[in-house]
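Heads up, the thing below is written out as structure tokens.
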Amino acid sequence: MPYIDVNQKRLNYADSHPAGAPPGGLTCVFIHGLGSSQNYYFPILPHLTSTHRCITIDTYGCGRSRFTGLLQDIGSIADDVVKVMDGLKIQKAVIVGHSMGGTTALHLAAQYLERVVAVVAIGPVHPTPSTGQIFEKRIQVVLEDGMEPMANTIPEAATGSRSTPLQKAFIRELLLGQDPAGYISLCHVVSAATAPDYAAISLPVLVIAGDEDKSAPLDGCKHILAHVSSSTKTLEVLPGVGHWHCIEASDEVGKLVAGFAQAYRG
């Protein structure tokens, strides 16, 4: 799998069509959430790659993008994604983000409107003071005991009633694969995050929510959608799904993203 150097970071990514998007197709760029990696999106990609170019990135400090101690925030992650697009000569893309990545995707759309075709925010976190307190506590746990407490609790606590043991095992493996220092860095990112400038987002937005998601509750998703200025905005709610949507309901999410992107094909 290839690497690209941006902003003093070496980021790992996968590209379904390195030569460019198929005729009439779009490029979709995927930003994962905390405790995850680009592999989170692979269950939905079969719904997209026959038509669109899909680029999945390991955020700095996650997966195979090694953490080297640099400070980061939502804005720097968004800028990393834009620099990846620059390096791959991608002028515009559909930006897909999950959880923290959904917040980043919305921030990117607000700050780099000319680089974005549309946004898909999957379980986006609307930052609040209480969100920060939760992640400050999590930092202390990981400092003391590493990633195992997260792997032992999150797969059960953050999934919905439809989730299977195999899906929970996949989530557990994503968590155990995290560098604790990189995970702590991103906990600080979430803890310190402020809401994107929703009103600056005038392009099409799809928000996908789980009706059993405790990490990105439905009220927060509705708040985000109410405050973006786009005239084309949609909320899709998945029954029985928690916070790991692309794993818990891969076919439904894949079809929603593919259907949304279909409207903006060239």
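Residue numbering restarts at 1 for every chain of the structure tokens, chains are lettered A, B, ... in their displayed order, and ligands are numbered from 1 as they appear.
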
List as JSON lines every residue of segment 212-244 of chain A that is in contact with segment 107-127 of chain A, defined as an atom at most 10 Å from one of its atoms (using only C-alpha atoms), together with the nearest atom pair and the distance in Å rounded to one decimal, sorted by chain and then rising number.
```
{"residue": "A:Asp213", "atom": "CA", "partner": "A:Gly123", "partner_atom": "CA", "distance": 7.7}
{"residue": "A:Lys214", "atom": "CA", "partner": "A:Gly123", "partner_atom": "CA", "distance": 9.8}
{"residue": "A:Ser215", "atom": "CA", "partner": "A:Val125", "partner_atom": "CA", "distance": 7.4}
{"residue": "A:Ala216", "atom": "CA", "partner": "A:Val125", "partner_atom": "CA", "distance": 5.1}
{"residue": "A:Pro217", "atom": "CA", "partner": "A:Gly123", "partner_atom": "CA", "distance": 7.9}
{"residue": "A:Leu218", "atom": "CA", "partner": "A:Gly123", "partner_atom": "CA", "distance": 8.4}
{"residue": "A:Asp219", "atom": "CA", "partner": "A:His126", "partner_atom": "CA", "distance": 9.3}
{"residue": "A:Gly220", "atom": "CA", "partner": "A:His126", "partner_atom": "CA", "distance": 5.5}
{"residue": "A:Cys221", "atom": "CA", "partner": "A:Pro124", "partner_atom": "CA", "distance": 6.6}
{"residue": "A:Lys222", "atom": "CA", "partner": "A:His126", "partner_atom": "CA", "distance": 9.8}
{"residue": "A:His223", "atom": "CA", "partner": "A:His126", "partner_atom": "CA", "distance": 8.0}
{"residue": "A:Ile224", "atom": "CA", "partner": "A:His126", "partner_atom": "CA", "distance": 7.0}
{"residue": "A:Leu225", "atom": "CA", "partner": "A:Ala121", "partner_atom": "CA", "distance": 10.0}
{"residue": "A:Val228", "atom": "CA", "partner": "A:Ala110", "partner_atom": "CA", "distance": 9.5}
{"residue": "A:Thr232", "atom": "CA", "partner": "A:Ala118", "partner_atom": "CA", "distance": 9.7}
{"residue": "A:Lys233", "atom": "CA", "partner": "A:Val119", "partner_atom": "CA", "distance": 9.6}
{"residue": "A:Thr234", "atom": "CA", "partner": "A:Val120", "partner_atom": "CA", "distance": 9.6}
{"residue": "A:Leu235", "atom": "CA", "partner": "A:Ala121", "partner_atom": "CA", "distance": 9.6}
{"residue": "A:Glu236", "atom": "CA", "partner": "A:Ile122", "partner_atom": "CA", "distance": 9.6}
{"residue": "A:Val237", "atom": "CA", "partner": "A:Gly123", "partner_atom": "CA", "distance": 9.8}
{"residue": "A:Gly242", "atom": "CA", "partner": "A:Gly123", "partner_atom": "CA", "distance": 8.9}
{"residue": "A:His243", "atom": "CA", "partner": "A:Gly123", "partner_atom": "CA", "distance": 6.4}
{"residue": "A:Trp244", "atom": "CA", "partner": "A:Gly123", "partner_atom": "CA", "distance": 8.2}
```

_When you look at Ser202 of chain A with a cut-off of 8 Å (counting only C-alpha atoms), what residues show up, excluding the ones that are within fewer than 3 positions of it in the same chain? I need them as a PyMOL selection string._
chain A and resi 199+228-231

Using only N, CA and C atoms, please write the residues we just selected to a file, as a PDB file, in the first residue's frame.
```pdb
ATOM      1  N   ALA A 199     -22.690  27.088   8.804  1.00  0.00           N
ATOM      2  CA  ALA A 199     -23.366  28.005   7.887  1.00  0.00           C
ATOM      3  C   ALA A 199     -22.566  28.233   6.608  1.00  0.00           C
ATOM      4  N   VAL A 228     -26.325  23.666   8.563  1.00  0.00           N
ATOM      5  CA  VAL A 228     -25.629  23.849   7.286  1.00  0.00           C
ATOM      6  C   VAL A 228     -26.556  24.624   6.353  1.00  0.00           C
ATOM      7  N   SER A 229     -25.970  25.429   5.472  1.00  0.00           N
ATOM      8  CA  SER A 229     -26.792  26.301   4.633  1.00  0.00           C
ATOM      9  C   SER A 229     -27.183  25.663   3.309  1.00  0.00           C
ATOM     10  N   SER A 230     -26.767  24.441   3.078  1.00  0.00           N
ATOM     11  CA  SER A 230     -27.070  23.766   1.826  1.00  0.00           C
ATOM     12  C   SER A 230     -28.576  23.628   1.617  1.00  0.00           C
ATOM     13  N   SER A 231     -28.982  23.781   0.360  1.00  0.00           N
ATOM     14  CA  SER A 231     -30.377  23.528   0.010  1.00  0.00           C
ATOM     15  C   SER A 231     -30.617  22.050  -0.276  1.00  0.00           C
TER      16      SER A 231
END
```

_Using only C-alpha atoms, can you tell me which of A:Gly69, A:Pro196, A:Pro155, A:Gly87 comes closest to Thr103 of chain A?_
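Smallest separation from Thr103 of chain A among the options: A:Pro196.
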
Would you kindly return, as a JSON list (two decimals) with N, CA and C atoms, in the first residue's frame, each protein, DNA or RNA residue with an atom no farther than 10 Å from any atom of segment 13-20 of chain A, considering only C-alpha atoms and excluding same-chain residues fewer than 5 positions away?
```
[["chain", "number", "residue", "atom", "x", "y", "z"],
["A", 1, "MET", "N", 0.84, -1.19, 0.00],
["A", 1, "MET", "CA", 0.00, 0.00, 0.00],
["A", 1, "MET", "C", 0.88, 1.25, 0.00],
["A", 2, "PRO", "N", 0.49, 2.29, -0.74],
["A", 2, "PRO", "CA", 1.37, 3.44, -0.92],
["A", 2, "PRO", "C", 1.34, 4.41, 0.26],
["A", 3, "TYR", "N", 2.38, 5.22, 0.33],
["A", 3, "TYR", "CA", 2.50, 6.29, 1.31],
["A", 3, "TYR", "C", 2.64, 7.62, 0.56],
["A", 4, "ILE", "N", 2.26, 8.69, 1.25],
["A", 4, "ILE", "CA", 2.44, 10.03, 0.71],
["A", 4, "ILE", "C", 2.90, 10.93, 1.85],
["A", 25, "GLY", "N", -17.33, 8.98, -13.50],
["A", 25, "GLY", "CA", -17.33, 8.74, -12.06],
["A", 25, "GLY", "C", -16.70, 9.89, -11.30],
["A", 26, "LEU", "N", -16.80, 9.81, -9.99],
["A", 26, "LEU", "CA", -16.24, 10.81, -9.10],
["A", 26, "LEU", "C", -15.08, 10.22, -8.31],
["A", 27, "THR", "N", -14.34, 11.09, -7.63],
["A", 27, "THR", "CA", -13.38, 10.65, -6.63],
["A", 27, "THR", "C", -13.98, 10.87, -5.25],
["A", 28, "CYS", "N", -13.92, 9.85, -4.42],
["A", 28, "CYS", "CA", -14.40, 9.92, -3.05],
["A", 28, "CYS", "C", -13.21, 9.73, -2.11],
["A", 29, "VAL", "N", -13.07, 10.62, -1.15],
["A", 29, "VAL", "CA", -11.98, 10.56, -0.18],
["A", 29, "VAL", "C", -12.58, 10.29, 1.18],
["A", 30, "PHE", "N", -12.02, 9.31, 1.91],
["A", 30, "PHE", "CA", -12.61, 8.81, 3.15],
["A", 30, "PHE", "C", -11.71, 9.13, 4.35],
["A", 37, "SER", "N", -9.17, 2.95, 11.39],
["A", 37, "SER", "CA", -8.21, 3.09, 10.30],
["A", 37, "SER", "C", -9.00, 3.10, 9.00],
["A", 38, "GLN", "N", -8.28, 3.22, 7.90],
["A", 38, "GLN", "CA", -8.96, 3.19, 6.60],
["A", 38, "GLN", "C", -9.73, 1.89, 6.39],
["A", 39, "ASN", "N", -9.34, 0.82, 7.09],
["A", 39, "ASN", "CA", -10.02, -0.46, 6.92],
["A", 39, "ASN", "C", -11.49, -0.41, 7.32],
["A", 45, "LEU", "N", -16.93, -0.30, 0.31],
["A", 45, "LEU", "CA", -16.32, 0.07, -0.96],
["A", 45, "LEU", "C", -16.84, -0.73, -2.16],
["A", 48, "LEU", "N", -19.11, 1.07, -4.40],
["A", 48, "LEU", "CA", -18.65, 2.32, -4.99],
["A", 48, "LEU", "C", -17.58, 2.16, -6.07],
["A", 49, "THR", "N", -16.70, 1.19, -5.92],
["A", 49, "THR", "CA", -15.48, 1.17, -6.74],
["A", 49, "THR", "C", -15.70, 0.79, -8.20],
["A", 50, "SER", "N", -16.86, 0.23, -8.54],
["A", 50, "SER", "CA", -17.10, -0.05, -9.95],
["A", 50, "SER", "C", -17.35, 1.24, -10.73],
["A", 52, "HIS", "N", -16.69, 4.70, -9.04],
["A", 52, "HIS", "CA", -15.96, 5.84, -8.52],
["A", 52, "HIS", "C", -14.55, 5.46, -8.05],
["A", 53, "ARG", "N", -13.67, 6.44, -8.07],
["A", 53, "ARG", "CA", -12.35, 6.29, -7.47],
["A", 53, "ARG", "C", -12.46, 6.51, -5.97],
["A", 54, "CYS", "N", -11.99, 5.59, -5.17],
["A", 54, "CYS", "CA", -12.11, 5.67, -3.71],
["A", 54, "CYS", "C", -10.72, 5.70, -3.08],
["A", 55, "ILE", "N", -10.46, 6.73, -2.31],
["A", 55, "ILE", "CA", -9.17, 6.90, -1.64],
["A", 55, "ILE", "C", -9.42, 6.89, -0.13],
["A", 56, "THR", "N", -8.86, 5.91, 0.54],
["A", 56, "THR", "CA", -8.99, 5.79, 1.99],
["A", 56, "THR", "C", -7.64, 6.11, 2.62],
["A", 57, "ILE", "N", -7.67, 6.90, 3.67],
["A", 57, "ILE", "CA", -6.42, 7.40, 4.28],
["A", 57, "ILE", "C", -6.36, 6.98, 5.75],
["A", 58, "ASP", "N", -5.21, 6.51, 6.18],
["A", 58, "ASP", "CA", -4.96, 6.34, 7.62],
["A", 58, "ASP", "C", -4.57, 7.70, 8.18],
["A", 59, "THR", "N", -5.43, 8.27, 9.02],
["A", 59, "THR", "CA", -5.12, 9.55, 9.67],
["A", 59, "THR", "C", -3.81, 9.43, 10.45],
["A", 63, "GLY", "N", -3.51, 3.38, 12.21],
["A", 63, "GLY", "CA", -3.19, 2.39, 11.19],
["A", 63, "GLY", "C", -1.72, 2.36, 10.88],
["A", 64, "ARG", "N", -1.38, 2.54, 9.60],
["A", 64, "ARG", "CA", 0.02, 2.50, 9.16],
["A", 64, "ARG", "C", 0.63, 3.89, 9.01],
["A", 65, "SER", "N", -0.11, 4.93, 9.44],
["A", 65, "SER", "CA", 0.45, 6.28, 9.44],
["A", 65, "SER", "C", 1.06, 6.54, 10.82],
["A", 84, "VAL", "N", -3.12, 15.61, 0.64],
["A", 84, "VAL", "CA", -3.14, 14.31, -0.05],
["A", 84, "VAL", "C", -3.80, 14.48, -1.42],
["A", 88, "LEU", "N", -2.08, 13.80, -5.10],
["A", 88, "LEU", "CA", -2.65, 12.85, -6.06],
["A", 88, "LEU", "C", -3.33, 13.56, -7.22],
["A", 89, "LYS", "N", -3.17, 14.89, -7.28],
["A", 89, "LYS", "CA", -3.72, 15.71, -8.38],
["A", 89, "LYS", "C", -5.24, 15.57, -8.49],
["A", 90, "ILE", "N", -5.89, 15.65, -7.34],
["A", 90, "ILE", "CA", -7.36, 15.60, -7.28],
["A", 90, "ILE", "C", -7.86, 17.00, -6.96]]
```

*Quick one: pick out all alpha helix (DSSP H) residues within segment 110-246 of chain A from a backbone DSSP run and write them as a ChimeraX atom specification.*
/A:110-111,129-145,148-157,165-176,180-192,218-227,245-246

*Give me, please, the distance in Å between atom CA of Ala192 of chain A and atom CA of Ile77 of chain A, quoted to one decimal.*
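Going from atom CA of Ala192 of chain A over to atom CA of Ile77 of chain A, I get 13.5 Å.
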